[in-house]
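In what follows, a structure is listed as structure tokens, so that the remarks can point back to it.
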Amino acid sequence: MLDLLLINGMLITVDEENTIIPKGYIAVRGGDIVEMGSMDKLGELPEAKKVMDMDGHAVLPGLIDAHGHGGHCLTRTLAEHIEEWDDIAEYIYYSCADEEFWYHEGVLAAAERIKFGTTTGVSMIGSTPRIDSIEPLEANLAGSVSTGIRQFSGIGFPDGKWPKKSRKYKKDGSFEELTITPELAAVNTEKSVRLLRDKYKRGTCIVAPGRMGARPNVSREMNILQNKEMLRIAKEYDVPLHTHAFGGDVKFMYETSPEVLNPSTSLTHSTGYSDEELDILADTGAYVFHGPTTYSNAVGHCKVMEMLERKVNLAVVTDGTAPDRSYDLWRDMKNVQLIQRFRFRDGGLLPCGKVLRLVTMEPAKALGIDKITGSLEVGKRADIISVDVMQPHLAPFGVMPVQKLVYHAMGQDVDNVIIEGEVVMEHRVLTKVDQKKVLADAEKSFNLMFERLNRRDVVENPKLYELRQY
């Protein structure tokens, strides 16, 4: 008997042949896709514990958001009008957030991702990240996977100035203030990966330093040491190495620790690279994660077309939700097209099928999970989403379905989400968590954090209706 049978949907497989089946079925057993094809070849419906009629739906592989930040869903919009946003965010995450904050934010973030059709998410804990202990990371990871999502969460050497200060809150509201050193960052990164890599179903811990390469405020020798140490931990525990990088960082790593640049390493933002650095990326196979909606891209464009023309590995990501973003990858699919077409004044760049692969198969390859997800194929895990296409903004849907989805669909059009054969959202209702409770818990944690922060200026923008806010 099958566990799950989907029938009558338009299957957009994103396999190697980019197969589209206008009216097809998918059979699931034990969390895997065991059979799929055209309805006219199915004959009598096989027995299944659950049958879902996908008539009027496009059925796709789950989207993969390969870069975000744990904590951002409870700080979105805060201080978006203040130039020192990074400093404020670091203070919030290190000094105003307790374990309940991290847990409830993890649930909220994963719920948002699922409702937009994301079945696998990646989160760096905090903005840089927070590394004084493993508790915030574990709380956020546990909260995320409670929704049913496949989650990668990580920490590593943080960016910014040293030493750093953090607060560990007690149940009575009092706290202990700690001073954090780079040495502690290395210890807690390895401890986190060792203890949390395999602890949670569909959840794992990865190595995710705030930046790699030639970090400012750090000596050349310390940069080399930190880069090599992050790679050592990732290789020893067989997990991805994921970080931020900017102009000069790739060349620095290539000249001082070239082994760091490999297909298991992913570099987010990647603005300011020289042509030499693009060639290095093409030669080494390291991945670039491009967030078209991010502030980094607004002030320094990522050379997406130049990279793709050189065969650099690249995927599109959201970068989380603070201060001014969303976990809606559908929006970022459109934005990557718009920005690159504007850069080159060429409306023919980045066709919709290519863009769809940048949020499915390409991030799956970067995370080393392309054998189990990223496309709809027999033998892969059943990570499946369906989009309700019987809506005015998607009609008539039968012709050019990939273009209709990429150009016109929104995250809110996702109707059903299945992860490893488990229905985690059905007709836009989350099945593993109570959405009302998720929102109430999130608001409670936000209010406590905001009380500890005690800064009204982060929510009061005196220049909201002017031409510039700073």
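Going by the structure tokens order, chains are called A, B, ..., each with residues numbered from 1, while ligands are numbered from 1 in the order shown.
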
Test item, alpha helix (DSSP H) assignment across segment 195-397 of chain A, answer as an NGL selection string: :A and (195-196 or 220-236 or 249-256 or 275-284 or 295-299 or 304-309 or 329-344 or 352-357 or 361-366)

Selection export as a short mmCIF file (atom, residue, chain, number, x, y, z; two decimals), in the first residue's frame, atoms kept: C-alpha atoms:
data_model
loop_
_atom_site.label_atom_id
_atom_site.label_comp_id
_atom_site.auth_asym_id
_atom_site.auth_seq_id
_atom_site.Cartn_x
_atom_site.Cartn_y
_atom_site.Cartn_z
CA LEU A 195 26.35 17.24 19.25
CA LEU A 196 23.67 18.51 16.88
CA ARG A 220 46.29 38.22 8.34
CA GLU A 221 47.55 35.32 10.45
CA MET A 222 44.30 35.07 12.41
CA ASN A 223 42.25 35.17 9.20
CA ILE A 224 44.23 32.27 7.75
CA LEU A 225 43.90 30.31 10.98
CA GLN A 226 40.14 30.88 11.20
CA ASN A 227 39.54 29.97 7.56
CA LYS A 228 41.47 26.72 7.94
CA GLU A 229 39.77 25.88 11.26
CA MET A 230 36.29 26.31 9.80
CA LEU A 231 37.21 23.99 6.93
CA ARG A 232 38.72 21.44 9.30
CA ILE A 233 35.52 21.17 11.33
CA ALA A 234 33.34 20.96 8.22
CA LYS A 235 35.46 18.19 6.68
CA GLU A 236 35.88 16.24 9.90
CA ASP A 249 37.93 37.46 0.14
CA VAL A 250 38.08 34.83 -2.60
CA LYS A 251 41.55 35.90 -3.73
CA PHE A 252 42.78 35.94 -0.12
CA MET A 253 41.50 32.42 0.51
CA TYR A 254 42.90 31.15 -2.78
CA GLU A 255 46.34 32.54 -2.00
CA THR A 256 46.49 31.47 1.66
CA ASP A 275 37.26 39.09 -12.71
CA GLU A 276 40.19 37.15 -11.28
CA GLU A 277 38.04 36.05 -8.37
CA LEU A 278 35.27 34.93 -10.73
CA ASP A 279 37.79 32.75 -12.54
CA ILE A 280 38.93 31.29 -9.23
CA LEU A 281 35.35 30.39 -8.34
CA ALA A 282 34.86 28.74 -11.71
CA ASP A 283 38.04 26.70 -11.29
CA THR A 284 37.39 25.59 -7.70
CA TYR A 295 21.09 45.26 1.20
CA SER A 296 24.48 43.93 0.10
CA ASN A 297 23.22 43.58 -3.43
CA ALA A 298 21.63 47.03 -3.36
CA VAL A 299 24.94 48.75 -2.60
CA VAL A 304 25.39 37.02 -11.56
CA MET A 305 25.52 36.91 -15.36
CA GLU A 306 29.30 37.10 -15.45
CA MET A 307 29.46 34.19 -13.01
CA LEU A 308 26.96 32.03 -14.87
CA GLU A 309 28.72 32.68 -18.18
CA LEU A 329 11.67 32.83 -2.88
CA TRP A 330 9.10 33.50 -5.60
CA ARG A 331 9.79 37.19 -5.15
CA ASP A 332 13.52 36.61 -5.42
CA MET A 333 13.11 34.60 -8.61
CA LYS A 334 11.58 37.69 -10.19
CA ASN A 335 14.11 40.06 -8.65
CA VAL A 336 17.15 38.20 -9.94
CA GLN A 337 15.71 38.46 -13.45
CA LEU A 338 14.83 42.13 -13.10
CA ILE A 339 18.19 43.22 -11.71
CA GLN A 340 20.31 41.35 -14.26
CA ARG A 341 18.12 42.45 -17.16
CA PHE A 342 18.44 46.04 -15.96
CA ARG A 343 22.22 45.78 -15.53
CA PHE A 344 22.69 44.71 -19.14
CA CYS A 352 12.26 31.35 -16.24
CA GLY A 353 13.36 27.72 -16.37
CA LYS A 354 16.93 28.66 -15.51
CA VAL A 355 15.72 30.75 -12.57
CA LEU A 356 13.54 27.91 -11.27
CA ARG A 357 16.60 25.65 -11.19
CA MET A 361 18.50 21.80 -8.04
CA GLU A 362 21.38 24.26 -7.66
CA PRO A 363 21.00 24.83 -3.90
CA ALA A 364 20.43 21.09 -3.48
CA LYS A 365 23.82 20.46 -5.10
CA ALA A 366 25.46 23.11 -2.93
#

Within 12 Å of Asn140 of chain A, counting only C-alpha atoms, which residues show up once you throw out same-chain ones fewer than 4 positions away? Write them as a ChimeraX atom specification, please. /A:69-73,97-110,122-126,130,134-136,144-147,151-155,196,200,203-205

Output for the residues just chosen: C-alpha atoms as a compact mmCIF listing (two decimals), in the first residue's frame:
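Output below, filename again-v5.txt:
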# COMPACT_ATOMS: atom_id res chain seq x y z
CA HIS A 69 19.46 34.18 9.51
CA GLY A 70 17.93 32.76 12.65
CA GLY A 71 16.47 35.60 14.71
CA HIS A 72 15.44 37.79 11.78
CA CYS A 73 11.72 37.03 11.95
CA ALA A 97 17.45 37.18 23.33
CA ASP A 98 16.88 34.11 25.50
CA GLU A 99 16.31 30.48 24.50
CA GLU A 100 12.54 30.96 24.17
CA PHE A 101 13.22 33.79 21.72
CA TRP A 102 15.39 31.53 19.60
CA TYR A 103 12.95 28.61 19.74
CA HIS A 104 9.84 30.63 18.88
CA GLU A 105 11.67 32.51 16.13
CA GLY A 106 12.75 29.17 14.66
CA VAL A 107 9.14 27.98 14.54
CA LEU A 108 7.97 31.25 13.02
CA ALA A 109 10.67 31.33 10.37
CA ALA A 110 10.11 27.72 9.33
CA VAL A 122 19.44 27.20 5.97
CA SER A 123 19.94 29.62 8.87
CA MET A 124 23.00 31.25 10.37
CA ILE A 125 22.10 31.87 14.01
CA GLY A 126 22.02 35.61 14.53
CA ARG A 130 26.03 34.26 17.95
CA ILE A 134 25.26 26.18 21.66
CA GLU A 135 21.90 26.78 23.38
CA PRO A 136 20.59 29.51 21.02
CA SER A 144 12.45 24.96 13.10
CA VAL A 145 12.14 21.20 12.74
CA SER A 146 8.97 21.10 14.88
CA THR A 147 7.17 22.38 11.76
CA GLN A 151 16.64 22.56 8.37
CA PHE A 152 20.36 23.32 8.29
CA SER A 153 21.47 25.69 11.07
CA GLY A 154 24.98 26.76 11.92
CA ILE A 155 27.50 28.96 13.67
CA LEU A 196 23.67 18.51 16.88
CA TYR A 200 17.02 16.04 15.14
CA GLY A 203 17.61 18.96 11.24
CA THR A 204 21.37 19.23 11.16
CA CYS A 205 24.11 21.59 12.29

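If only C-alpha atoms are the atoms counted, then among A:His57, A:Arg202, A:Lys161, A:Arg197 the closest residue to Thr181 of chain A is A:Lys161.
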
Please list as a VMD selection string every residue within 6 Å of Asp383 of chain A, counting only C-alpha atoms and excluding residues in the same chain fewer than 4 positions away. chain A and resid 61 to 62 418 to 420

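Nearest residue to Leu78 of chain A among A:Thr293, A:Thr321, A:Asn416, A:Ser166 is A:Thr321, counting only C-alpha atoms.
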
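Proximity to Leu184 of chain A at 7 Å, evaluated using only C-alpha atoms and with sequence-adjacent residues fewer than 4 positions away removed, yields Asp132, Ile180 and Asn188 of chain A.
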
Residue with smallest distance to Thr373 of chain A - pool A:Asp434, A:Glu17, A:Asp238, A:Asp32, counting only C-alpha atoms: A:Asp32

As a ChimeraX atom specification, please: every residue in segment 357-392 of chain A that a backbone DSSP assignment puts in strand (DSSP E). /A:384-388

Suppose we keep N, CA and C atoms; can you now write the selection as a compact mmCIF listing (two decimals), in the first residue's frame?
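Output contents, as saved in again.txt:
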# COMPACT_ATOMS: atom_id res chain seq x y z
N ILE A 384 7.63 17.87 -2.05
CA ILE A 384 6.72 18.25 -3.12
C ILE A 384 5.87 19.43 -2.67
N ILE A 385 5.67 20.37 -3.58
CA ILE A 385 4.73 21.46 -3.30
C ILE A 385 3.73 21.54 -4.45
N SER A 386 2.54 22.07 -4.14
CA SER A 386 1.57 22.32 -5.21
C SER A 386 1.12 23.77 -5.15
N VAL A 387 0.97 24.36 -6.32
CA VAL A 387 0.54 25.74 -6.46
C VAL A 387 -0.87 25.75 -7.05
N ASP A 388 -1.78 26.44 -6.39
CA ASP A 388 -3.14 26.58 -6.89
C ASP A 388 -3.11 27.54 -8.07

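Proximity ranking of A:Met212, A:Ile92, A:Pro22, A:Pro46 relative to Asn454 of chain A places A:Ile92 first, based on only C-alpha atoms.
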
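Minimum atom-to-atom distance to Arg194 of chain A, evaluated using only C-alpha atoms, belongs to A:Val207 out of A:Ser219, A:Val207, A:Ala79, A:Leu178.
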